[in-house]
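Raw contents of entry_17.txt, compact mmCIF, N, CA and C atoms:
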# COMPACT_ATOMS: atom_id res chain seq x y z
N MET K 228 -197.85 -108.96 -51.16
CA MET K 228 -197.26 -109.89 -50.22
C MET K 228 -197.86 -109.68 -48.83
N GLY K 229 -199.18 -109.72 -48.75
CA GLY K 229 -199.82 -109.65 -47.46
C GLY K 229 -200.28 -108.25 -47.06
N LYS K 230 -200.03 -107.26 -47.88
CA LYS K 230 -200.46 -105.91 -47.57
C LYS K 230 -201.63 -105.55 -48.48
N PRO K 231 -202.43 -104.57 -48.04
CA PRO K 231 -203.49 -104.12 -48.94
C PRO K 231 -202.90 -103.64 -50.25
N THR K 232 -203.57 -103.93 -51.34
CA THR K 232 -203.10 -103.55 -52.66
C THR K 232 -202.87 -102.04 -52.73
N SER K 233 -201.74 -101.65 -53.21
CA SER K 233 -201.36 -100.25 -53.45
C SER K 233 -201.10 -99.43 -52.20
N ALA K 234 -201.10 -100.04 -51.02
CA ALA K 234 -200.90 -99.28 -49.78
C ALA K 234 -199.56 -98.53 -49.80
N ASP K 235 -198.49 -99.21 -50.17
CA ASP K 235 -197.18 -98.56 -50.21
C ASP K 235 -197.11 -97.50 -51.30
N LEU K 236 -197.74 -97.78 -52.44
CA LEU K 236 -197.74 -96.80 -53.52
C LEU K 236 -198.42 -95.52 -53.08
N LYS K 237 -199.52 -95.64 -52.37
CA LYS K 237 -200.25 -94.46 -51.89
C LYS K 237 -199.42 -93.65 -50.90
N LEU K 238 -198.49 -94.32 -50.24
CA LEU K 238 -197.58 -93.63 -49.32
C LEU K 238 -196.35 -93.07 -50.04
N GLY K 239 -196.26 -93.34 -51.34
CA GLY K 239 -195.13 -92.86 -52.12
C GLY K 239 -193.91 -93.74 -52.05
N LEU K 240 -194.09 -94.98 -51.60
CA LEU K 240 -192.96 -95.90 -51.43
C LEU K 240 -192.82 -96.85 -52.61
N ALA K 241 -191.60 -97.02 -53.05
CA ALA K 241 -191.30 -97.97 -54.13
C ALA K 241 -190.69 -99.21 -53.49
N THR K 242 -191.48 -100.26 -53.36
CA THR K 242 -191.03 -101.50 -52.74
C THR K 242 -190.44 -102.43 -53.79
N GLY K 243 -190.02 -103.62 -53.35
CA GLY K 243 -189.40 -104.59 -54.25
C GLY K 243 -190.18 -104.85 -55.52
N PRO K 244 -191.46 -105.19 -55.43
CA PRO K 244 -192.21 -105.47 -56.66
C PRO K 244 -192.21 -104.29 -57.64
N VAL K 245 -192.27 -103.08 -57.11
CA VAL K 245 -192.27 -101.88 -57.96
C VAL K 245 -190.91 -101.72 -58.63
N LEU K 246 -189.85 -101.91 -57.86
CA LEU K 246 -188.50 -101.75 -58.43
C LEU K 246 -188.20 -102.81 -59.48
N PHE K 247 -188.63 -104.04 -59.24
CA PHE K 247 -188.45 -105.08 -60.25
C PHE K 247 -189.31 -104.79 -61.49
N ALA K 248 -190.54 -104.33 -61.28
CA ALA K 248 -191.41 -103.99 -62.42
C ALA K 248 -190.80 -102.86 -63.24
N CYS K 249 -190.10 -101.97 -62.58
CA CYS K 249 -189.47 -100.84 -63.26
C CYS K 249 -188.42 -101.31 -64.27
N GLN K 250 -187.82 -102.46 -64.02
CA GLN K 250 -186.86 -103.00 -64.97
C GLN K 250 -187.55 -103.36 -66.28
N GLN K 251 -188.79 -103.80 -66.20
CA GLN K 251 -189.55 -104.16 -67.41
C GLN K 251 -190.28 -102.97 -67.99
N PHE K 252 -190.61 -101.99 -67.15
CA PHE K 252 -191.36 -100.81 -67.59
C PHE K 252 -190.61 -99.56 -67.12
N PRO K 253 -189.58 -99.14 -67.85
CA PRO K 253 -188.75 -98.00 -67.43
C PRO K 253 -189.53 -96.71 -67.25
N GLU K 254 -190.71 -96.61 -67.85
CA GLU K 254 -191.52 -95.40 -67.68
C GLU K 254 -191.96 -95.20 -66.23
N MET K 255 -191.80 -96.23 -65.42
CA MET K 255 -192.13 -96.11 -64.00
C MET K 255 -191.14 -95.24 -63.24
N ASN K 256 -189.93 -95.06 -63.80
CA ASN K 256 -188.91 -94.24 -63.12
C ASN K 256 -189.44 -92.87 -62.74
N ALA K 257 -190.12 -92.22 -63.67
CA ALA K 257 -190.64 -90.87 -63.39
C ALA K 257 -191.67 -90.91 -62.26
N MET K 258 -192.51 -91.93 -62.25
CA MET K 258 -193.51 -92.04 -61.18
C MET K 258 -192.83 -92.27 -59.83
N ILE K 259 -191.80 -93.08 -59.82
CA ILE K 259 -191.07 -93.34 -58.58
C ILE K 259 -190.44 -92.05 -58.07
N MET K 260 -189.80 -91.31 -58.96
CA MET K 260 -189.13 -90.06 -58.57
C MET K 260 -190.11 -89.04 -57.99
N ARG K 261 -191.34 -89.03 -58.50
CA ARG K 261 -192.32 -88.08 -57.96
C ARG K 261 -193.19 -88.72 -56.87
N ARG K 262 -192.79 -89.94 -56.45
CA ARG K 262 -193.45 -90.65 -55.35
C ARG K 262 -194.93 -90.89 -55.62
N PHE K 263 -195.25 -91.19 -56.89
CA PHE K 263 -196.61 -91.56 -57.29
C PHE K 263 -197.63 -90.48 -56.91
N SER K 264 -197.23 -89.23 -57.09
CA SER K 264 -198.04 -88.11 -56.59
C SER K 264 -199.05 -87.56 -57.61
N LEU K 265 -198.88 -87.87 -58.88
CA LEU K 265 -199.83 -87.36 -59.87
C LEU K 265 -201.06 -88.25 -59.95
N PRO K 266 -202.20 -87.65 -60.30
CA PRO K 266 -203.40 -88.48 -60.46
C PRO K 266 -203.15 -89.62 -61.45
N GLY K 267 -203.54 -90.79 -61.07
CA GLY K 267 -203.38 -91.96 -61.93
C GLY K 267 -202.07 -92.72 -61.74
N ASP K 268 -201.09 -92.11 -61.06
CA ASP K 268 -199.80 -92.78 -60.87
C ASP K 268 -199.95 -94.11 -60.12
N VAL K 269 -200.68 -94.10 -59.03
CA VAL K 269 -200.82 -95.31 -58.22
C VAL K 269 -201.46 -96.42 -59.02
N ASP K 270 -202.55 -96.10 -59.72
CA ASP K 270 -203.23 -97.13 -60.52
C ASP K 270 -202.36 -97.64 -61.66
N ARG K 271 -201.65 -96.73 -62.32
CA ARG K 271 -200.79 -97.12 -63.42
C ARG K 271 -199.63 -97.99 -62.93
N ALA K 272 -199.02 -97.58 -61.82
CA ALA K 272 -197.91 -98.36 -61.26
C ALA K 272 -198.40 -99.74 -60.83
N ARG K 273 -199.57 -99.80 -60.23
CA ARG K 273 -200.14 -101.09 -59.80
C ARG K 273 -200.33 -102.01 -61.01
N GLN K 274 -200.80 -101.46 -62.12
CA GLN K 274 -200.99 -102.25 -63.33
C GLN K 274 -199.66 -102.76 -63.87
N TYR K 275 -198.65 -101.92 -63.85
CA TYR K 275 -197.33 -102.36 -64.30
C TYR K 275 -196.81 -103.50 -63.42
N VAL K 276 -197.00 -103.38 -62.12
CA VAL K 276 -196.55 -104.44 -61.21
C VAL K 276 -197.29 -105.74 -61.53
N LEU K 277 -198.58 -105.65 -61.75
CA LEU K 277 -199.37 -106.84 -62.07
C LEU K 277 -198.96 -107.48 -63.39
N GLN K 278 -198.55 -106.66 -64.35
CA GLN K 278 -198.14 -107.16 -65.67
C GLN K 278 -196.71 -107.70 -65.66
N SER K 279 -195.97 -107.36 -64.64
CA SER K 279 -194.56 -107.77 -64.57
C SER K 279 -194.43 -109.02 -63.71
N ASP K 280 -193.19 -109.44 -63.55
CA ASP K 280 -192.92 -110.54 -62.63
C ASP K 280 -192.28 -110.01 -61.34
N GLY K 281 -192.58 -108.76 -61.01
CA GLY K 281 -192.01 -108.11 -59.84
C GLY K 281 -192.33 -108.80 -58.52
N VAL K 282 -193.56 -109.26 -58.36
CA VAL K 282 -193.93 -109.94 -57.12
C VAL K 282 -193.19 -111.27 -57.01
N GLN K 283 -193.10 -111.99 -58.12
CA GLN K 283 -192.40 -113.28 -58.11
C GLN K 283 -190.91 -113.08 -57.82
N GLN K 284 -190.32 -112.06 -58.41
CA GLN K 284 -188.89 -111.80 -58.16
C GLN K 284 -188.66 -111.41 -56.71
N THR K 285 -189.57 -110.63 -56.16
CA THR K 285 -189.45 -110.22 -54.76
C THR K 285 -189.59 -111.42 -53.84
N THR K 286 -190.53 -112.29 -54.13
CA THR K 286 -190.72 -113.51 -53.33
C THR K 286 -189.47 -114.38 -53.39
N TYR K 287 -188.92 -114.54 -54.58
CA TYR K 287 -187.71 -115.34 -54.74
C TYR K 287 -186.55 -114.74 -53.93
N LEU K 288 -186.40 -113.42 -53.99
CA LEU K 288 -185.34 -112.76 -53.25
C LEU K 288 -185.53 -112.95 -51.74
N ALA K 289 -186.76 -112.82 -51.27
CA ALA K 289 -187.03 -113.03 -49.84
C ALA K 289 -186.71 -114.46 -49.43
N GLN K 290 -187.05 -115.41 -50.29
CA GLN K 290 -186.74 -116.82 -49.99
C GLN K 290 -185.24 -117.03 -49.90
N ARG K 291 -184.50 -116.45 -50.81
CA ARG K 291 -183.04 -116.59 -50.79
C ARG K 291 -182.45 -116.05 -49.49
N TYR K 292 -182.90 -114.85 -49.09
CA TYR K 292 -182.39 -114.26 -47.86
C TYR K 292 -182.79 -115.07 -46.63
N CYS K 293 -184.01 -115.56 -46.60
CA CYS K 293 -184.45 -116.37 -45.46
C CYS K 293 -183.69 -117.69 -45.38
N HIS K 294 -183.45 -118.31 -46.51
CA HIS K 294 -182.70 -119.57 -46.52
C HIS K 294 -181.27 -119.33 -46.06
N GLU K 295 -180.70 -118.23 -46.48
CA GLU K 295 -179.34 -117.88 -46.05
C GLU K 295 -179.32 -117.61 -44.54
N ALA K 296 -180.34 -116.92 -44.04
CA ALA K 296 -180.43 -116.65 -42.61
C ALA K 296 -180.51 -117.95 -41.81
N VAL K 297 -181.36 -118.87 -42.26
CA VAL K 297 -181.50 -120.14 -41.57
C VAL K 297 -180.18 -120.92 -41.59
N ARG K 298 -179.49 -120.87 -42.72
CA ARG K 298 -178.21 -121.57 -42.82
C ARG K 298 -177.21 -121.01 -41.79
N GLU K 299 -177.17 -119.70 -41.67
CA GLU K 299 -176.25 -119.08 -40.72
C GLU K 299 -176.69 -119.30 -39.27
N ILE K 300 -177.98 -119.17 -39.01
CA ILE K 300 -178.51 -119.38 -37.66
C ILE K 300 -178.26 -120.82 -37.21
N SER K 301 -178.34 -121.75 -38.13
CA SER K 301 -178.14 -123.16 -37.81
C SER K 301 -176.74 -123.48 -37.33
N LYS K 302 -175.82 -122.57 -37.58
CA LYS K 302 -174.44 -122.76 -37.10
C LYS K 302 -174.31 -122.49 -35.61
N LEU K 303 -175.30 -121.81 -35.04
CA LEU K 303 -175.29 -121.55 -33.60
C LEU K 303 -175.55 -122.84 -32.84
N ARG K 304 -175.11 -122.88 -31.60
CA ARG K 304 -175.38 -124.09 -30.82
C ARG K 304 -176.88 -124.20 -30.58
N PRO K 305 -177.38 -125.43 -30.53
CA PRO K 305 -178.82 -125.63 -30.33
C PRO K 305 -179.32 -124.96 -29.04
N SER K 306 -180.44 -124.25 -29.19
CA SER K 306 -181.05 -123.58 -28.04
C SER K 306 -182.47 -123.18 -28.43
N PRO K 307 -183.30 -122.88 -27.46
CA PRO K 307 -184.65 -122.40 -27.78
C PRO K 307 -184.60 -121.09 -28.58
N GLU K 308 -183.60 -120.26 -28.30
CA GLU K 308 -183.47 -118.99 -29.02
C GLU K 308 -183.14 -119.22 -30.50
N ARG K 309 -182.22 -120.16 -30.74
CA ARG K 309 -181.86 -120.49 -32.12
C ARG K 309 -183.09 -121.03 -32.86
N ASP K 310 -183.83 -121.91 -32.22
CA ASP K 310 -185.04 -122.48 -32.83
C ASP K 310 -186.07 -121.39 -33.12
N ALA K 311 -186.18 -120.42 -32.22
CA ALA K 311 -187.13 -119.31 -32.42
C ALA K 311 -186.73 -118.46 -33.61
N LEU K 312 -185.43 -118.22 -33.78
CA LEU K 312 -184.96 -117.44 -34.93
C LEU K 312 -185.24 -118.18 -36.24
N ILE K 313 -185.04 -119.48 -36.24
CA ILE K 313 -185.33 -120.26 -37.44
C ILE K 313 -186.82 -120.21 -37.75
N GLN K 314 -187.62 -120.37 -36.71
CA GLN K 314 -189.08 -120.32 -36.90
C GLN K 314 -189.51 -118.94 -37.42
N LEU K 315 -188.91 -117.89 -36.89
CA LEU K 315 -189.23 -116.54 -37.34
C LEU K 315 -188.91 -116.36 -38.82
N SER K 316 -187.79 -116.91 -39.25
CA SER K 316 -187.42 -116.83 -40.67
C SER K 316 -188.46 -117.50 -41.55
N GLU K 317 -189.01 -118.61 -41.09
CA GLU K 317 -190.04 -119.31 -41.85
C GLU K 317 -191.36 -118.54 -41.85
N ILE K 318 -191.68 -117.92 -40.72
CA ILE K 318 -192.92 -117.15 -40.60
C ILE K 318 -192.92 -115.97 -41.58
N VAL K 319 -191.77 -115.33 -41.71
CA VAL K 319 -191.65 -114.17 -42.60
C VAL K 319 -192.10 -114.54 -44.02
N LEU K 320 -191.77 -115.75 -44.47
CA LEU K 320 -192.11 -116.16 -45.82
C LEU K 320 -193.56 -116.58 -45.98
N THR K 321 -194.19 -117.02 -44.91
CA THR K 321 -195.54 -117.59 -45.04
C THR K 321 -196.63 -116.69 -44.47
N ARG K 322 -196.26 -115.54 -43.94
CA ARG K 322 -197.28 -114.69 -43.31
C ARG K 322 -198.27 -114.16 -44.33
N ASP K 323 -199.47 -113.91 -43.87
CA ASP K 323 -200.51 -113.36 -44.75
C ASP K 323 -200.52 -111.84 -44.73
N LYS K 324 -200.19 -111.26 -43.60
CA LYS K 324 -200.11 -109.80 -43.49
C LYS K 324 -199.27 -109.40 -42.33
Mind turning this structure into C-alpha cells?
Amino acid sequence: MGKPTSADLKLGLATGPVLFACQQFPEMNAMIMRRFSLPGDVDRARQYVLQSDGVQQTTYLAQRYCHEAVREISKLRPSPERDALIQLSEIVLTRDK
C-alpha cells in the first residue's frame, strides 16, 4: 500500500495485510511471534501475503474507516477546516507512498 515491499516485515512489524494473511496461513503465527527474525521469514511471509487476500482486506478496511470518518466530519458546520479533513481522508486512500 505505497511502501517498499517487505519494509515492515524487515522491521519485524506485522501490519494489516500480514495479519489478514495469517488467517489463511496460520503457520505465519510463529513468524509473527519471532518478528520475522529467522532467515527466510521475511520472504516466506511476503509470499503468504501475496497468495492471500490480505492486501485487499486491508484496503477494504481502510475504505470503511475513511468513509465513516467523512460521514462524521460532514456533520460539522461547513468550514475550510472541515473541507481539509475530508480531503485528508480521501488522500489517505489514494496516496502512493
8 Å contact set for Met255 of chain K, all atoms listed in the file, chain neighbours under 5 positions out, as a VMD selection string: chain K and resid 245 248 to 250 260 to 261 271 to 272
Export of the given selection (N, CA and C atoms) as a PDB file, in the coordinates of the input:
ATOM      1  N   VAL K 245    -192.270-103.080 -57.110  1.00  0.00           N
ATOM      2  CA  VAL K 245    -192.270-101.880 -57.960  1.00  0.00           C
ATOM      3  C   VAL K 245    -190.910-101.720 -58.630  1.00  0.00           C
ATOM      4  N   ALA K 248    -190.540-104.330 -61.280  1.00  0.00           N
ATOM      5  CA  ALA K 248    -191.410-103.990 -62.420  1.00  0.00           C
ATOM      6  C   ALA K 248    -190.800-102.860 -63.240  1.00  0.00           C
ATOM      7  N   CYS K 249    -190.100-101.970 -62.580  1.00  0.00           N
ATOM      8  CA  CYS K 249    -189.470-100.840 -63.260  1.00  0.00           C
ATOM      9  C   CYS K 249    -188.420-101.310 -64.270  1.00  0.00           C
ATOM     10  N   GLN K 250    -187.820-102.460 -64.020  1.00  0.00           N
ATOM     11  CA  GLN K 250    -186.860-103.000 -64.970  1.00  0.00           C
ATOM     12  C   GLN K 250    -187.550-103.360 -66.280  1.00  0.00           C
ATOM     13  N   MET K 260    -189.800 -91.310 -58.960  1.00  0.00           N
ATOM     14  CA  MET K 260    -189.130 -90.060 -58.570  1.00  0.00           C
ATOM     15  C   MET K 260    -190.110 -89.040 -57.990  1.00  0.00           C
ATOM     16  N   ARG K 261    -191.340 -89.030 -58.500  1.00  0.00           N
ATOM     17  CA  ARG K 261    -192.320 -88.080 -57.960  1.00  0.00           C
ATOM     18  C   ARG K 261    -193.190 -88.720 -56.870  1.00  0.00           C
ATOM     19  N   ARG K 271    -201.650 -96.730 -62.320  1.00  0.00           N
ATOM     20  CA  ARG K 271    -200.790 -97.120 -63.420  1.00  0.00           C
ATOM     21  C   ARG K 271    -199.630 -97.990 -62.930  1.00  0.00           C
ATOM     22  N   ALA K 272    -199.020 -97.580 -61.820  1.00  0.00           N
ATOM     23  CA  ALA K 272    -197.910 -98.360 -61.260  1.00  0.00           C
ATOM     24  C   ALA K 272    -198.400 -99.740 -60.830  1.00  0.00           C
TER      25      ALA K 272
END
Atom N of Gln284 of chain K to atom C of Arg309 of chain K, distance in Å rounded to a single decimal: 28.0 Å
Distance criterion (all atoms listed in the file): nearest to Ala296 of chain K out of K:Thr321, K:Gln274, K:Ile313, K:Pro244: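 Checking each of K:Thr321, K:Gln274, K:Ile313, K:Pro244 against Ala296 of chain K, counting all atoms listed in the file, the winner is K:Ile313.
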Gap from atom CA of Val319 of chain K to atom CA of Gly281 of chain K - Å, one decimal: 18.3 Å
Point-to-point distance in Å for atom C of Ser233 of chain K and atom CA of Arg262 of chain K: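 We find that atom CA of Arg262 of chain K and atom C of Ser233 of chain K lie 12.1 Å from each other.
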Best match for closeness to Ile259 of chain K among K:Glu295, K:Gly239, K:Asp310, K:Ser316, counting all atoms listed in the file: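 Looking only at the distances to Ile259 of chain K, the closest residue turns out to be K:Gly239.
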DSSP-assigned helix (DSSP H, G or I) members of chain K, reported as a ChimeraX atom specification: /K:234-237,243-251,255-260,268-278,281-300,307-321
Segment 299-309 of chain K, all listed atoms, 8 Å padding on each side: what axis-aligned box centre and edge lengths in Å to one decimal come out, as AutoDock Vina command-line options?
--center_x -179.5 --center_y -122.3 --center_z -34.6 --size_x 26.3 --size_y 22.6 --size_z 30.2
Taking only N, CA and C atoms, show segment 234-262 of chain K of the given structure as a PDB file, in the first residue's frame.
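Output saved as part.pdb:
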ATOM      1  N   ALA K 234       9.168  -3.845   3.669  1.00  0.00           N
ATOM      2  CA  ALA K 234       9.824  -2.904   4.589  1.00  0.00           C
ATOM      3  C   ALA K 234       9.391  -3.145   6.035  1.00  0.00           C
ATOM      4  N   ASP K 235       8.091  -3.275   6.267  1.00  0.00           N
ATOM      5  CA  ASP K 235       7.606  -3.503   7.630  1.00  0.00           C
ATOM      6  C   ASP K 235       8.029  -4.870   8.156  1.00  0.00           C
ATOM      7  N   LEU K 236       8.015  -5.867   7.279  1.00  0.00           N
ATOM      8  CA  LEU K 236       8.436  -7.200   7.703  1.00  0.00           C
ATOM      9  C   LEU K 236       9.884  -7.184   8.172  1.00  0.00           C
ATOM     10  N   LYS K 237      10.729  -6.476   7.452  1.00  0.00           N
ATOM     11  CA  LYS K 237      12.149  -6.399   7.825  1.00  0.00           C
ATOM     12  C   LYS K 237      12.341  -5.698   9.159  1.00  0.00           C
ATOM     13  N   LEU K 238      11.387  -4.852   9.525  1.00  0.00           N
ATOM     14  CA  LEU K 238      11.426  -4.180  10.828  1.00  0.00           C
ATOM     15  C   LEU K 238      10.780  -5.030  11.924  1.00  0.00           C
ATOM     16  N   GLY K 239      10.243  -6.184  11.531  1.00  0.00           N
ATOM     17  CA  GLY K 239       9.600  -7.065  12.493  1.00  0.00           C
ATOM     18  C   GLY K 239       8.160  -6.711  12.792  1.00  0.00           C
ATOM     19  N   LEU K 240       7.550  -5.903  11.929  1.00  0.00           N
ATOM     20  CA  LEU K 240       6.176  -5.442  12.160  1.00  0.00           C
ATOM     21  C   LEU K 240       5.167  -6.270  11.378  1.00  0.00           C
ATOM     22  N   ALA K 241       4.097  -6.632  12.040  1.00  0.00           N
ATOM     23  CA  ALA K 241       3.001  -7.357  11.390  1.00  0.00           C
ATOM     24  C   ALA K 241       1.876  -6.356  11.131  1.00  0.00           C
ATOM     25  N   THR K 242       1.748  -5.922   9.899  1.00  0.00           N
ATOM     26  CA  THR K 242       0.741  -4.940   9.517  1.00  0.00           C
ATOM     27  C   THR K 242      -0.548  -5.650   9.097  1.00  0.00           C
ATOM     28  N   GLY K 243      -1.539  -4.853   8.693  1.00  0.00           N
ATOM     29  CA  GLY K 243      -2.835  -5.403   8.299  1.00  0.00           C
ATOM     30  C   GLY K 243      -2.754  -6.544   7.302  1.00  0.00           C
ATOM     31  N   PRO K 244      -2.070  -6.359   6.176  1.00  0.00           N
ATOM     32  CA  PRO K 244      -2.015  -7.452   5.199  1.00  0.00           C
ATOM     33  C   PRO K 244      -1.436  -8.746   5.785  1.00  0.00           C
ATOM     34  N   VAL K 245      -0.453  -8.617   6.654  1.00  0.00           N
ATOM     35  CA  VAL K 245       0.160  -9.798   7.282  1.00  0.00           C
ATOM     36  C   VAL K 245      -0.837 -10.473   8.216  1.00  0.00           C
ATOM     37  N   LEU K 246      -1.531  -9.675   9.011  1.00  0.00           N
ATOM     38  CA  LEU K 246      -2.496 -10.255   9.955  1.00  0.00           C
ATOM     39  C   LEU K 246      -3.660 -10.919   9.239  1.00  0.00           C
ATOM     40  N   PHE K 247      -4.138 -10.319   8.162  1.00  0.00           N
ATOM     41  CA  PHE K 247      -5.192 -10.955   7.382  1.00  0.00           C
ATOM     42  C   PHE K 247      -4.677 -12.226   6.706  1.00  0.00           C
ATOM     43  N   ALA K 248      -3.460 -12.185   6.177  1.00  0.00           N
ATOM     44  CA  ALA K 248      -2.883 -13.377   5.543  1.00  0.00           C
ATOM     45  C   ALA K 248      -2.728 -14.502   6.559  1.00  0.00           C
ATOM     46  N   CYS K 249      -2.465 -14.144   7.787  1.00  0.00           N
ATOM     47  CA  CYS K 249      -2.299 -15.134   8.855  1.00  0.00           C
ATOM     48  C   CYS K 249      -3.576 -15.937   9.076  1.00  0.00           C
ATOM     49  N   GLN K 250      -4.715 -15.339   8.787  1.00  0.00           N
ATOM     50  CA  GLN K 250      -5.976 -16.068   8.910  1.00  0.00           C
ATOM     51  C   GLN K 250      -6.032 -17.214   7.901  1.00  0.00           C
ATOM     52  N   GLN K 251      -5.442 -17.013   6.741  1.00  0.00           N
ATOM     53  CA  GLN K 251      -5.429 -18.050   5.706  1.00  0.00           C
ATOM     54  C   GLN K 251      -4.238 -18.984   5.853  1.00  0.00           C
ATOM     55  N   PHE K 252      -3.159 -18.490   6.445  1.00  0.00           N
ATOM     56  CA  PHE K 252      -1.932 -19.273   6.610  1.00  0.00           C
ATOM     57  C   PHE K 252      -1.503 -19.207   8.077  1.00  0.00           C
ATOM     58  N   PRO K 253      -2.114 -20.031   8.944  1.00  0.00           N
ATOM     59  CA  PRO K 253      -1.822 -19.977  10.384  1.00  0.00           C
ATOM     60  C   PRO K 253      -0.360 -20.211  10.729  1.00  0.00           C
ATOM     61  N   GLU K 254       0.393 -20.820   9.824  1.00  0.00           N
ATOM     62  CA  GLU K 254       1.819 -21.042  10.094  1.00  0.00           C
ATOM     63  C   GLU K 254       2.587 -19.722  10.221  1.00  0.00           C
ATOM     64  N   MET K 255       1.964 -18.634   9.818  1.00  0.00           N
ATOM     65  CA  MET K 255       2.599 -17.326   9.955  1.00  0.00           C
ATOM     66  C   MET K 255       2.665 -16.865  11.406  1.00  0.00           C
ATOM     67  N   ASN K 256       1.818 -17.443  12.274  1.00  0.00           N
ATOM     68  CA  ASN K 256       1.811 -17.036  13.687  1.00  0.00           C
ATOM     69  C   ASN K 256       3.195 -17.105  14.314  1.00  0.00           C
ATOM     70  N   ALA K 257       3.901 -18.197  14.063  1.00  0.00           N
ATOM     71  CA  ALA K 257       5.236 -18.353  14.651  1.00  0.00           C
ATOM     72  C   ALA K 257       6.191 -17.276  14.129  1.00  0.00           C
ATOM     73  N   MET K 258       6.092 -16.956  12.849  1.00  0.00           N
ATOM     74  CA  MET K 258       6.958 -15.913  12.285  1.00  0.00           C
ATOM     75  C   MET K 258       6.640 -14.553  12.903  1.00  0.00           C
ATOM     76  N   ILE K 259       5.363 -14.286  13.100  1.00  0.00           N
ATOM     77  CA  ILE K 259       4.960 -13.016  13.707  1.00  0.00           C
ATOM     78  C   ILE K 259       5.507 -12.930  15.132  1.00  0.00           C
ATOM     79  N   MET K 260       5.360 -14.004  15.892  1.00  0.00           N
ATOM     80  CA  MET K 260       5.824 -14.008  17.284  1.00  0.00           C
ATOM     81  C   MET K 260       7.330 -13.780  17.390  1.00  0.00           C
ATOM     82  N   ARG K 261       8.083 -14.281  16.415  1.00  0.00           N
ATOM     83  CA  ARG K 261       9.537 -14.068  16.465  1.00  0.00           C
ATOM     84  C   ARG K 261       9.960 -12.850  15.646  1.00  0.00           C
ATOM     85  N   ARG K 262       8.950 -12.065  15.208  1.00  0.00           N
ATOM     86  CA  ARG K 262       9.181 -10.806  14.496  1.00  0.00           C
ATOM     87  C   ARG K 262       9.994 -11.003  13.217  1.00  0.00           C
TER      88      ARG K 262
END
